[in-house]
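File shown: entry-v9.txt (compact mmCIF, C-alpha atoms).
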```
# COMPACT_ATOMS: atom_id res chain seq x y z
CA MET A 193 11.49 6.54 114.76
CA ASN A 194 13.76 4.18 116.60
CA TYR A 195 12.27 0.71 116.89
CA THR A 196 14.06 -2.47 117.96
CA ILE A 197 14.50 -5.33 115.52
CA PRO A 198 11.98 -7.59 117.36
CA GLU A 199 9.45 -4.76 117.16
CA MET A 200 10.17 -4.29 113.47
CA LYS A 201 9.67 -8.00 112.82
CA ARG A 202 6.24 -7.84 114.41
CA ILE A 203 5.35 -4.73 112.41
CA ALA A 204 6.49 -6.47 109.20
CA ASN A 205 4.19 -9.38 109.91
CA GLU A 206 1.26 -7.03 110.53
CA ILE A 207 1.99 -5.31 107.24
CA ARG A 208 1.98 -8.64 105.40
CA LYS A 209 -1.45 -9.36 106.89
CA ASP A 210 -2.56 -5.88 105.80
CA ILE A 211 -1.42 -6.59 102.23
CA ILE A 212 -3.46 -9.80 102.08
CA LYS A 213 -6.56 -8.13 103.54
CA MET A 214 -6.27 -5.09 101.25
CA THR A 215 -5.82 -6.96 98.00
CA ALA A 216 -8.49 -9.53 98.90
CA ALA A 217 -10.99 -6.76 99.73
CA ALA A 218 -10.14 -4.92 96.50
CA GLY A 219 -10.26 -8.06 94.38
CA SER A 220 -7.17 -6.82 92.56
CA GLY A 221 -3.66 -5.61 93.19
CA HIS A 222 -0.09 -6.87 93.35
CA PRO A 223 0.54 -9.02 96.43
CA GLY A 224 3.69 -10.87 95.32
CA GLY A 225 6.10 -7.96 95.05
CA SER A 226 4.40 -6.16 97.93
CA LEU A 227 5.16 -9.07 100.25
CA SER A 228 8.79 -9.25 99.11
CA CYS A 229 9.74 -5.67 99.99
CA VAL A 230 8.20 -5.38 103.48
CA GLU A 231 11.43 -5.51 105.51
CA ILE A 232 12.98 -2.88 103.23
CA LEU A 233 10.10 -0.47 103.85
CA VAL A 234 9.94 -1.17 107.58
CA SER A 235 13.69 -0.57 107.88
CA LEU A 236 13.28 2.78 106.17
CA TYR A 237 10.16 4.10 107.89
CA PHE A 238 10.81 2.71 111.36
CA LYS A 239 14.57 3.26 111.64
CA VAL A 240 16.40 4.96 108.76
CA LEU A 241 14.39 7.84 107.33
CA ARG A 242 14.10 11.25 108.94
CA HIS A 243 10.38 11.89 108.68
CA ASP A 244 7.40 13.07 110.71
CA PRO A 245 3.97 11.44 110.20
CA LYS A 246 2.33 14.39 111.96
CA ASN A 247 4.00 16.85 109.56
CA TYR A 248 4.45 15.03 106.26
CA ALA A 249 5.58 18.23 104.50
CA TRP A 250 8.43 18.89 106.95
CA GLU A 251 11.21 20.38 104.85
CA GLY A 252 13.95 18.51 106.71
CA ARG A 253 12.59 15.06 105.88
CA ASP A 254 14.44 12.51 103.80
CA ARG A 255 12.69 11.57 100.55
CA PHE A 256 11.48 8.10 99.58
CA ILE A 257 10.46 7.24 96.02
CA LEU A 258 8.61 4.01 95.26
CA SER A 259 9.65 3.47 91.66
CA LYS A 260 7.90 0.10 91.36
CA GLY A 261 4.60 1.76 92.14
CA HIS A 262 2.45 -1.35 91.68
CA VAL A 263 3.58 -2.60 95.11
CA CYS A 264 1.89 0.35 96.79
CA PRO A 265 -0.12 -1.96 99.11
CA ALA A 266 3.15 -2.49 100.99
CA LEU A 267 3.87 1.24 101.10
CA TYR A 268 0.32 2.17 102.14
CA ALA A 269 0.37 -0.38 104.95
CA THR A 270 3.78 0.86 106.09
CA LEU A 271 2.61 4.48 106.08
CA ALA A 272 -0.52 3.57 108.02
CA ARG A 273 1.42 1.57 110.62
CA ALA A 274 3.86 4.51 110.91
CA GLY A 275 0.97 6.85 111.73
CA TYR A 276 0.31 8.74 108.49
CA PHE A 277 -3.35 7.74 108.30
CA PRO A 278 -5.70 5.25 110.02
CA VAL A 279 -5.02 1.56 109.49
CA GLU A 280 -8.74 1.07 108.82
CA GLU A 281 -8.41 3.12 105.63
CA LEU A 282 -6.26 0.39 104.09
CA LEU A 283 -9.38 -1.60 103.20
CA THR A 284 -10.41 1.17 100.79
CA LEU A 285 -7.57 0.18 98.43
CA ARG A 286 -8.63 0.63 94.79
CA LYS A 287 -12.18 1.57 95.80
CA PHE A 288 -13.93 4.42 93.97
CA GLY A 289 -13.02 7.71 95.64
CA SER A 290 -10.29 6.21 97.82
CA ARG A 291 -7.04 8.02 98.47
CA LEU A 292 -5.33 4.64 98.10
CA GLN A 293 -5.22 4.23 94.34
CA GLY A 294 -3.94 1.11 92.60
CA HIS A 295 -0.73 3.02 91.92
CA PRO A 296 0.56 5.86 94.12
CA HIS A 297 -1.27 9.13 93.39
CA ARG A 298 0.29 12.11 95.18
CA LYS A 299 -2.62 14.47 94.58
CA LYS A 300 -4.92 12.09 96.43
CA LEU A 301 -2.39 11.13 99.13
CA PRO A 302 -0.06 14.12 99.65
CA CYS A 303 2.28 12.32 102.08
CA LEU A 304 3.67 10.54 99.01
CA GLU A 305 6.66 12.22 97.40
CA THR A 306 5.51 11.46 93.87
CA SER A 307 3.00 9.53 91.83
CA SER A 308 4.51 6.41 90.30
CA GLY A 309 3.70 3.26 88.42
CA SER A 310 5.27 3.77 84.98
CA LEU A 311 8.27 1.57 85.54
CA GLY A 312 11.75 3.00 85.16
CA GLN A 313 10.96 6.59 86.10
CA GLY A 314 11.46 6.65 89.87
CA LEU A 315 15.24 6.70 89.89
CA SER A 316 15.26 9.73 87.56
CA ILE A 317 12.97 11.57 90.01
CA ALA A 318 15.24 10.58 92.89
CA VAL A 319 18.32 11.81 91.00
CA GLY A 320 16.66 15.18 90.44
CA MET A 321 15.83 15.50 94.12
CA ALA A 322 19.36 14.52 95.15
CA ILE A 323 20.89 17.06 92.75
CA GLY A 324 18.59 19.73 94.19
CA PHE A 325 19.69 19.00 97.73
CA LYS A 326 23.34 19.12 96.65
CA MET A 327 22.85 22.47 94.94
CA ASP A 328 21.09 23.88 98.00
CA LYS A 329 23.75 22.39 100.31
CA LYS A 330 21.10 20.51 102.30
CA GLU A 331 21.69 17.31 104.21
CA GLN A 332 18.52 15.43 103.26
CA ARG A 333 18.96 12.00 101.70
CA VAL A 334 16.93 10.38 98.93
CA TYR A 335 15.98 6.69 98.80
CA CYS A 336 14.49 4.94 95.78
CA LEU A 337 13.07 1.40 95.72
CA MET A 338 13.11 -0.38 92.36
CA GLY A 339 12.20 -3.85 91.20
CA ASP A 340 14.67 -6.17 89.54
CA GLY A 341 12.34 -6.63 86.56
CA GLU A 342 12.14 -2.85 86.40
CA CYS A 343 15.86 -2.80 85.66
CA ASP A 344 14.91 -3.94 82.14
CA GLU A 345 14.01 -0.29 81.56
CA GLY A 346 16.69 1.79 79.86
CA GLN A 347 15.74 4.87 81.85
CA ILE A 348 17.02 3.18 85.02
CA TRP A 349 20.49 3.06 83.52
CA GLU A 350 20.36 6.62 82.19
CA ALA A 351 19.50 7.77 85.72
CA ALA A 352 22.21 5.53 87.18
CA MET A 353 24.79 7.11 84.88
CA SER A 354 23.65 10.62 85.86
CA ALA A 355 23.80 9.82 89.58
CA SER A 356 27.37 8.62 89.27
CA HIS A 357 28.39 11.57 87.09
CA TYR A 358 27.11 14.05 89.70
CA LYS A 359 28.62 12.05 92.60
CA LEU A 360 25.29 11.84 94.40
CA ASP A 361 26.36 10.31 97.67
CA ASN A 362 23.07 11.54 99.17
CA LEU A 363 21.22 9.02 96.98
CA CYS A 364 20.58 5.38 97.90
CA GLY A 365 18.89 3.03 95.47
CA ILE A 366 17.42 -0.27 96.59
CA VAL A 367 16.62 -3.09 94.17
CA ASP A 368 14.13 -5.70 95.35
CA VAL A 369 15.81 -8.72 93.78
CA ASN A 370 13.04 -11.31 94.03
CA GLY A 371 13.92 -12.91 90.69
CA LEU A 372 10.43 -12.66 89.21
CA GLN A 373 8.42 -10.27 87.11
CA ILE A 374 4.97 -10.45 85.55
CA ASP A 375 6.03 -12.79 82.74
CA GLY A 376 8.17 -15.15 84.79
CA PHE A 377 11.70 -15.42 86.11
CA THR A 378 13.88 -12.41 85.32
CA ARG A 379 16.62 -14.75 84.09
CA ASP A 380 14.24 -15.95 81.36
CA VAL A 381 12.51 -12.68 80.48
CA MET A 382 15.64 -10.50 80.37
CA ASN A 383 18.66 -11.81 82.21
CA LEU A 384 20.03 -9.10 84.51
CA GLU A 385 23.11 -10.87 85.71
CA PRO A 386 25.75 -9.94 86.59
CA LEU A 387 23.60 -7.25 88.25
CA ALA A 388 26.11 -6.14 90.89
CA GLU A 389 28.82 -5.71 88.26
CA LYS A 390 26.47 -3.65 86.09
CA TRP A 391 25.83 -1.16 88.90
CA LYS A 392 29.54 -1.05 89.72
CA ALA A 393 30.33 -0.37 86.06
CA PHE A 394 27.95 2.60 86.24
CA GLY A 395 29.98 4.01 89.12
CA TRP A 396 27.84 3.00 92.10
CA HIS A 397 28.88 1.59 95.44
CA VAL A 398 27.13 -1.79 95.63
CA ILE A 399 25.99 -3.67 98.74
CA GLU A 400 24.37 -7.10 98.52
CA VAL A 401 22.14 -8.26 101.38
CA ASP A 402 19.39 -10.64 102.42
CA GLY A 403 16.37 -8.38 101.93
CA HIS A 404 14.44 -10.08 104.73
CA ASN A 405 17.20 -9.68 107.32
CA PHE A 406 16.83 -6.47 109.34
CA GLU A 407 20.38 -6.61 110.69
CA GLU A 408 21.85 -6.76 107.18
CA LEU A 409 19.51 -4.09 105.83
CA LEU A 410 20.20 -1.62 108.64
CA LYS A 411 23.95 -2.17 108.33
CA ALA A 412 23.70 -1.57 104.57
CA PHE A 413 21.75 1.67 105.01
CA GLU A 414 24.36 2.90 107.46
CA GLU A 415 27.17 1.99 105.04
CA ALA A 416 25.35 3.86 102.29
CA LYS A 417 25.10 6.94 104.49
CA ASN A 418 28.82 6.82 105.19
CA THR A 419 29.87 6.27 101.55
CA LYS A 420 31.14 9.49 100.03
CA GLY A 421 31.71 10.56 96.43
CA LYS A 422 29.33 8.14 94.74
CA PRO A 423 25.75 6.87 95.03
CA THR A 424 25.00 3.54 96.69
CA VAL A 425 22.68 0.76 95.57
CA ILE A 426 21.55 -2.01 97.90
CA LEU A 427 20.74 -5.25 96.07
CA ALA A 428 18.28 -6.90 98.45
CA LYS A 429 17.73 -10.59 97.68
CA THR A 430 14.13 -11.41 98.53
CA VAL A 431 11.38 -13.96 97.98
CA LYS A 432 8.36 -12.91 95.96
CA GLY A 433 5.22 -13.60 98.00
CA LYS A 434 7.28 -13.90 101.19
CA GLY A 435 5.38 -15.32 104.16
CA VAL A 436 2.58 -17.02 102.24
CA SER A 437 3.56 -20.52 101.17
CA PHE A 438 1.39 -20.79 98.05
CA MET A 439 2.53 -17.37 96.80
CA GLU A 440 6.26 -17.71 97.34
CA ASN A 441 8.32 -17.72 94.12
CA LYS A 442 5.21 -17.85 91.94
CA ALA A 443 4.99 -15.35 89.07
CA GLU A 444 1.20 -15.68 88.87
CA TRP A 445 0.90 -13.77 92.16
CA HIS A 446 2.58 -10.71 90.67
CA GLY A 447 -0.76 -9.08 89.88
CA LYS A 448 -3.49 -11.40 91.16
CA ALA A 449 -5.42 -10.83 94.39
CA PRO A 450 -6.23 -13.75 96.70
CA LYS A 451 -9.80 -14.97 96.81
CA LYS A 452 -11.60 -15.09 100.17
CA GLU A 453 -10.60 -18.69 100.93
CA GLU A 454 -7.00 -18.07 99.82
CA ALA A 455 -6.80 -14.95 101.98
CA GLU A 456 -7.99 -16.92 105.00
CA ILE A 457 -5.26 -19.51 104.45
CA ALA A 458 -2.62 -16.80 104.01
CA LEU A 459 -3.70 -14.99 107.18
CA ARG A 460 -3.58 -18.22 109.18
CA GLU A 461 -0.02 -18.81 107.97
CA LEU A 462 1.02 -15.27 108.92
CA GLU A 463 -0.63 -15.57 112.32
CA ALA A 464 1.32 -18.80 112.88
CA LEU A 465 4.53 -16.94 111.96
CA GLU A 466 3.60 -14.15 114.35
CA ALA A 467 3.39 -16.63 117.23
CA LYS A 468 7.07 -17.46 116.64
CA LEU A 469 8.32 -13.87 116.72
```

Encoded form using structure tokens:
Amino acid sequence: MNYTIPEMKRIANEIRKDIIKMTAAAGSGHPGGSLSCVEILVSLYFKVLRHDPKNYAWEGRDRFILSKGHVCPALYATLARAGYFPVEELLTLRKFGSRLQGHPHRKKLPCLETSSGSLGQGLSIAVGMAIGFKMDKKEQRVYCLMGDGECDEGQIWEAAMSASHYKLDNLCGIVDVNGLQIDGFTRDVMNLEPLAEKWKAFGWHVIEVDGHNFEELLKAFEEAKNTKGKPTVILAKTVKGKGVSFMENKAEWHGKAPKKEEAEIALRELEALEAKL
């Protein structure tokens, strides 16, 4: 896919509306972190990744792992808007029998690369895939989106050390640095700083960007592709609840769905933003 930045901005706004509608219809879910990572996912699925919605099992595709699986509303909406399944199916989120489980479930939705939701595990899966491609001398790349709160998990750092040891320059990690996790600000729960220096110390090439700026994101993904001999991590500074004023930078919206009246307010705000794009 090769969309322009104005087109991607409009798609991102549609996805934010999808997230509100999905979580409101389900009465549960994780809107805050879903809203913060939208531009990252749109950049990947509408510009960066080699993939084919009509042939999700295409061997030549790049791999994307959503390590912070609770923000699957953002991934589902992105996949639907990219053509993997009908947009109308999004409203079945978390419903009995739905393919769109509350955390990604690959057996129900095979276009996913893996099931996820237990925090800390996604980067290890991505490392294994990247090693496999290296051993088979294949050119596919692997991308893994993590949360900043997820970086509290020790397994993230074990995987980071492995990726550096095996010089996995076909691996790109992305950390959604929105500064919040379920219990509050990351600086209060478990201070991650200096985060960039930590990743550098583990042997990664580090790029810091505004995670809502498509120009910066696309430039970072290109730099990651051109970086040889070590893995790259993109630290994307974002706003939790981005686009909805009463959700922005509020920890309580980590795992709480909007009520009907709140969803209506949120959708009006997003429609007003759309008019400016």

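Shortest atom-to-atom contact with Cys343 in chain A among A:Ala428, A:Val367, A:Ile197, A:Leu301: A:Val367, counting all atoms listed in the file.
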
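Of the residues under consideration (A:Lys429, A:Arg286, A:Arg253, A:Arg242), A:Arg253 shows the shortest atom-to-atom contact distance to Phe325 in chain A when counting all atoms listed in the file.
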
Exercise. Provide the CA of Leu236 in chain A to CA of Ser356 in chain A distance in Å, to one decimal place.
Key: 22.8 Å

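Note that CA of Ala318 in chain A and CA of Phe238 in chain A are 20.6 Å apart.
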
Self-check item: Residue nearest Ile366 in chain A - candidates A:Ala272, A:Leu410, A:Ile457, A:Ile232, atoms counted: all atoms listed in the file
Solution: A:Ile232
